Amino acid sequence: MKKIYLDYAATTPVEPKVVEAMRPYHSEKFGNPSSIHSYGQETRAAIEQAREKVARLIGAKPDEIVFTSGGTEADNMALEGVAFANETMGNHIITSSIEHPAVLECCRFLETRGFSVTYLPVDEFGVVSPESVRAAITEKTILVSIMHANNEIGTIQPIAEIAKEIGVRSSESGRKIYFHTDAVQTVGHIPANVDELGVDLLAVSAHKLYGPKGTGFLYVRKGTKLVSLIHGGSQEHNRRGSTENLTGIVGFGAAAEIAAREMGSEIKKMTPLRDKLIKDVLAKIPDTQLNGHPTLRLPNNVNFSINFIEGESILLNLDLEGIAASTGSACSSGTFEPSHVLKAIGLSYQLAHGSIRFSLGKHTTEAEIDQVVEVLDKVVKKLRAMSPLVKGGK
Ligand SMILES: *Cc1c(COP(=O)(O)O)cnc(C)c1O
């Protein structure tokens, strides 16, 4: 059975060229980048080249990049770093109710340390309104964190408009309000330029863009006040102690270079496949709906609610047929609570439980999409035949 991978939003396969670029740094090029001898100089140069490549991808300067252990650490560094560095200015943080746990759990932690957090609602498509951000800003607000695109439903946020509102309020009050965005789902996939977005901080993860796992970075705009989370040596301009993840960083640089080159053609290739999957499923399978915004969505994200049945059952049945997807309603997680994102867009308990996410990638083909629609139809018919929720023998 030929397997079909449609879970690129969870992680991507590492590009063969990225593996190739990393290879020497697993073996003969092993020097500590902080060593001043030739071994160290060689690996220091490799890290700085990678820094230039990832910086170029988001329109930043290399010295505004802090390499981290991934997207989660970058989000933590942004939120906790800004909060603790600026607490004398205020203790209020604004975020949205649909953020990744890397942001939400950080906010919950900061609430236990004297900060107060506003979790903004979203509309039925998962959009945060710039006006709601403006209205939530108080004289105590020090930080706003709104993700660039949502990992579950793919909705892209109006980051530049939100930045404008924050800028206006900042200059009215004469106090800096920092703006962070979790761009893990967008960088390398759609254009994400820090100046066009108007952000001060931006988090990225390598493994979501065909790079290695365990590597990420935080973009920190020059002048941003930030405390360190990891204290030790003077690596990363004194912002993060510890000997650098040399192979990971080199791989990240290679992946960023490839992403910059291929982004345009990937978007052109993926968008029609996404739209075909949406159109065919909605046409073929009754009582289904698309979650997220119809057009302001990632070119690779499709999220359906399939009424009367369980997302987890769909997922397991698809897996038996060799198709890998994802759901916002995993009972195996121990709770029967559906995802906070699906709740925030106002889905009923039942529809939230019947969610399934397909995320496409550079290796996805039209034949795979056809196959998925066919198998999904079969699986849904089978599960609905057993579902106590179906009335009238659907
Ligand atoms: C995957 C993901 C993260 C976490 O990144 P890691 O590198 O796995 O820690 C954070 N935010 C979003 C939106 C993600 O999709």
# chains A, B, ... in the order shown; residues from 1 in each chain; ligands from 1
$ residues_around --residues "range 126-129 of chain A" --least-positions-apart "2" --cutoff "9 Å" --atoms "only C-alpha atoms" --output "MDAnalysis selection string"
chainID A and resid 96 98 120:124 131:134 146 150 153:158 161:162 291:293 341:342 344:345
$ residues_near_ligand --ligand "ligand 1" --cutoff "10 Å" --atoms "only C-alpha atoms and all ligand atoms" --output "PyMOL selection string"
chain A and resi 8-11+68-76+98-103+147-152+154+181-186+203-208+212-217
$ closest_atom_pairs --of "range 273-318 of chain A" --to "range 360-365 of chain A" --cutoff "12 Å" --atoms "only C-alpha atoms" --output "Markdown table"
| residue | atom | partner | partner_atom | distance |
| --- | --- | --- | --- | --- |
| A:Leu273 | CA | A:Thr365 | CA | 7.7 |
| A:Arg274 | CA | A:Leu360 | CA | 7.4 |
| A:Asp275 | CA | A:Leu360 | CA | 11.2 |
| A:Lys276 | CA | A:Thr365 | CA | 11.3 |
| A:Leu277 | CA | A:Leu360 | CA | 10.1 |
| A:Leu298 | CA | A:Leu360 | CA | 9.9 |
| A:Pro299 | CA | A:Leu360 | CA | 8.2 |
| A:Asn300 | CA | A:Leu360 | CA | 4.7 |
| A:Asn301 | CA | A:Leu360 | CA | 6.5 |
| A:Val302 | CA | A:Leu360 | CA | 8.2 |
| A:Asn303 | CA | A:Leu360 | CA | 11.2 |
$ select_by_dssp --residues "range 76-230 of chain A" --states "strand (DSSP E)" --output "PyMOL selection string"
chain A and resi 92-96+116-120+141-145+178-182+201-205+216-220
$ closest_residue --among "A:Glu244, A:Glu28, A:Glu165, A:Glu20" --to "Arg44 in chain A" --atoms "only C-alpha atoms"
A:Glu244
$ residues_around --residues "Ala21 in chain A" --least-positions-apart "5" --cutoff "9 Å" --atoms "only C-alpha atoms" --output "list in words"
Pro16, Thr247, Val250, Gly251 and Ala254 of chain A
$ atom_distance --atom1 "CA of Lys61 in chain A" --atom2 "CA of Arg239 in chain A"
16.0 Å
$ residues_around --residues "Leu318 in chain A" --least-positions-apart "2" --cutoff "12 Å" --atoms "only C-alpha atoms" --output "PyMOL selection string"
chain A and resi 3-6+311-316+320-327+356-358+371-380+382-383
$ write_last_selection --atoms "C-alpha atoms" --output "PDB file, in the first residue's frame"
ATOM      1  CA  LYS A   3       1.029   5.699   2.000  1.00  0.00           C
ATOM      2  CA  ILE A   4      -0.268   9.262   1.753  1.00  0.00           C
ATOM      3  CA  TYR A   5       1.060  11.860   4.191  1.00  0.00           C
ATOM      4  CA  LEU A   6      -1.263  14.815   4.716  1.00  0.00           C
ATOM      5  CA  GLY A 311     -12.610  12.804  14.370  1.00  0.00           C
ATOM      6  CA  GLU A 312     -10.493  10.227  16.094  1.00  0.00           C
ATOM      7  CA  SER A 313     -12.397   7.321  14.531  1.00  0.00           C
ATOM      8  CA  ILE A 314     -12.008   8.930  11.101  1.00  0.00           C
ATOM      9  CA  LEU A 315      -8.296   9.388  11.724  1.00  0.00           C
ATOM     10  CA  LEU A 316      -7.714   5.784  12.795  1.00  0.00           C
ATOM     11  CA  LEU A 320      -5.565   1.817   8.320  1.00  0.00           C
ATOM     12  CA  GLU A 321      -5.893   2.860   4.671  1.00  0.00           C
ATOM     13  CA  GLY A 322      -2.438   4.443   4.729  1.00  0.00           C
ATOM     14  CA  ILE A 323      -3.572   8.076   4.974  1.00  0.00           C
ATOM     15  CA  ALA A 324      -2.067  10.291   7.699  1.00  0.00           C
ATOM     16  CA  ALA A 325      -4.159  13.283   8.849  1.00  0.00           C
ATOM     17  CA  SER A 326      -4.897  15.004  12.164  1.00  0.00           C
ATOM     18  CA  THR A 327      -7.889  15.865  14.342  1.00  0.00           C
ATOM     19  CA  ILE A 356     -10.322  16.358  10.578  1.00  0.00           C
ATOM     20  CA  ARG A 357      -7.329  18.330   9.299  1.00  0.00           C
ATOM     21  CA  PHE A 358      -5.487  17.576   6.088  1.00  0.00           C
ATOM     22  CA  GLN A 371      -7.528   8.897  -3.426  1.00  0.00           C
ATOM     23  CA  VAL A 372      -8.162  10.702  -0.127  1.00  0.00           C
ATOM     24  CA  VAL A 373     -11.619  11.883  -1.201  1.00  0.00           C
ATOM     25  CA  GLU A 374     -12.552   8.345  -2.236  1.00  0.00           C
ATOM     26  CA  VAL A 375     -11.270   6.724   0.960  1.00  0.00           C
ATOM     27  CA  LEU A 376     -12.748   9.432   3.196  1.00  0.00           C
ATOM     28  CA  ASP A 377     -16.161   8.922   1.596  1.00  0.00           C
ATOM     29  CA  LYS A 378     -15.929   5.190   2.268  1.00  0.00           C
ATOM     30  CA  VAL A 379     -14.773   5.672   5.873  1.00  0.00           C
ATOM     31  CA  VAL A 380     -17.482   8.248   6.615  1.00  0.00           C
ATOM     32  CA  LYS A 382     -18.959   3.089   7.356  1.00  0.00           C
ATOM     33  CA  LEU A 383     -18.754   5.163  10.558  1.00  0.00           C
TER      34      LEU A 383
END
$ closest_residue --among "A:Gly90, A:Gly264, A:Gly233, A:Pro286" --to "Ile177 in chain A" --atoms "only C-alpha atoms"
A:Gly90
$ closest_atom_pairs --of "range 230-307 of chain A" --to "range 32-38 of chain A" --cutoff "9 Å" --atoms "only C-alpha atoms" --output "Markdown table"
| residue | atom | partner | partner_atom | distance |
| --- | --- | --- | --- | --- |
| A:Gln235 | CA | A:Ser34 | CA | 7.9 |
| A:Thr243 | CA | A:Asn32 | CA | 7.2 |
| A:Glu244 | CA | A:Pro33 | CA | 7.5 |
| A:Leu246 | CA | A:Pro33 | CA | 8.1 |
$ write_last_selection --atoms "C-alpha atoms" --output "JSON list (two decimals), in the first residue's frame"
[["chain", "number", "residue", "atom", "x", "y", "z"],
["A", 235, "GLN", "CA", 26.27, 32.54, 22.91],
["A", 243, "THR", "CA", 26.80, 25.51, 22.79],
["A", 244, "GLU", "CA", 24.81, 25.96, 19.60],
["A", 246, "LEU", "CA", 25.39, 23.20, 15.06]]
$ select_by_dssp --residues "range 156-276 of chain A" --states "alpha helix (DSSP H)" --output "count of residues only"
54
$ residues_around --residues "Leu389 in chain A" --least-positions-apart "6" --cutoff "10 Å" --atoms "only C-alpha atoms" --output "VMD selection string"
chain A and resid 307 to 309 350
$ closest_residue --among "A:Lys17, A:Arg169, A:His92, A:Lys381" --to "Asp287 in chain A" --atoms "only C-alpha atoms"
A:Lys381
